[in-house]
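Participant: I'd like to ask you about the structure that follows.
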Amino acid sequence: MENSPKTLEELFAAADKVGKKRYHRLTQQDFTDYLKFNHWRYVNGDIECGTTQKSKQWARENSERSCPICGRWFADCGGRTIDHKLPRAQYPWLSLDFRNLWVICRDCNQEKGERHWYEYEHYMLINYPDRYRDVAFARPRQLLKTL
Ligand SMILES: [Zn+2]
């Protein structure tokens with residue numbers, strides 16, 4: 001695409017621009033721009049942790065060798081996936097906000113599903129109290145304040 005960002009830095013800048021607007025205020029042009037970054041949508045839940053070299057690299061650079069939730073090595077639990085802390089379905093304007101992304105394993109990603117962050121924290125507290133601290137630590141505090 002002609003005006004697609006060429007670098008990850010450009011993608012970040014464009015995502016910030018779109019992300020600052022609220023969903024209901026987005027214009028047709030915003031959606032057109034948004035579609036240019038559509039490949040990021042497919043990063044989430046992909047077994048290969050991304051469909052592009054750039055997103056795979058981002059996932060590697062933004063993770064350790066083990067999943068921050070279950071603590072298992074990524075190689076043993078389905079590999080790295082990029083998850084939206086606040087789900088895309090409820091907060092589409094945050095789908096490209098990199099503060100909303102973190103790298104977790106495929107198993108944990110599937111279990112988290114489309115829960116809102118606070119629902120997810122509650123779910124973890126009830127079902128996996130030993131993992132709750134790490135999840136609470138990852139809470140997207142800044143983003144939650146903007147809702
Ligand atoms: Zn995990």
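Here's how to read the names in the structure tokens: chain A, B, ... by the order shown, residue numbers from 1 in each chain, ligand numbers from 1 in the order shown.
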Could you report the residues within 7 Å of ligand 1, using only C-alpha atoms and all ligand atoms, as a ChimeraX atom specification?
Facilitator: /A:67-72,77,104-108
Participant: Do you know which residues are at most 12 Å from A:Gln90 counting only C-alpha atoms, after dropping those on the same chain fewer than 2 positions away, and could you put them as JSON, numbers by chain?
Facilitator: {"A": [22, 23, 84, 85, 86, 87, 88, 92, 93, 94, 95, 114, 115, 116, 117, 147]}
Participant: Please report the interatomic distance between atom CA of A:Tyr118 and atom CA of A:Trp102 in Å with one decimal.
Facilitator: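 Atom CA of A:Tyr118 sits 16.0 Å away from atom CA of A:Trp102.
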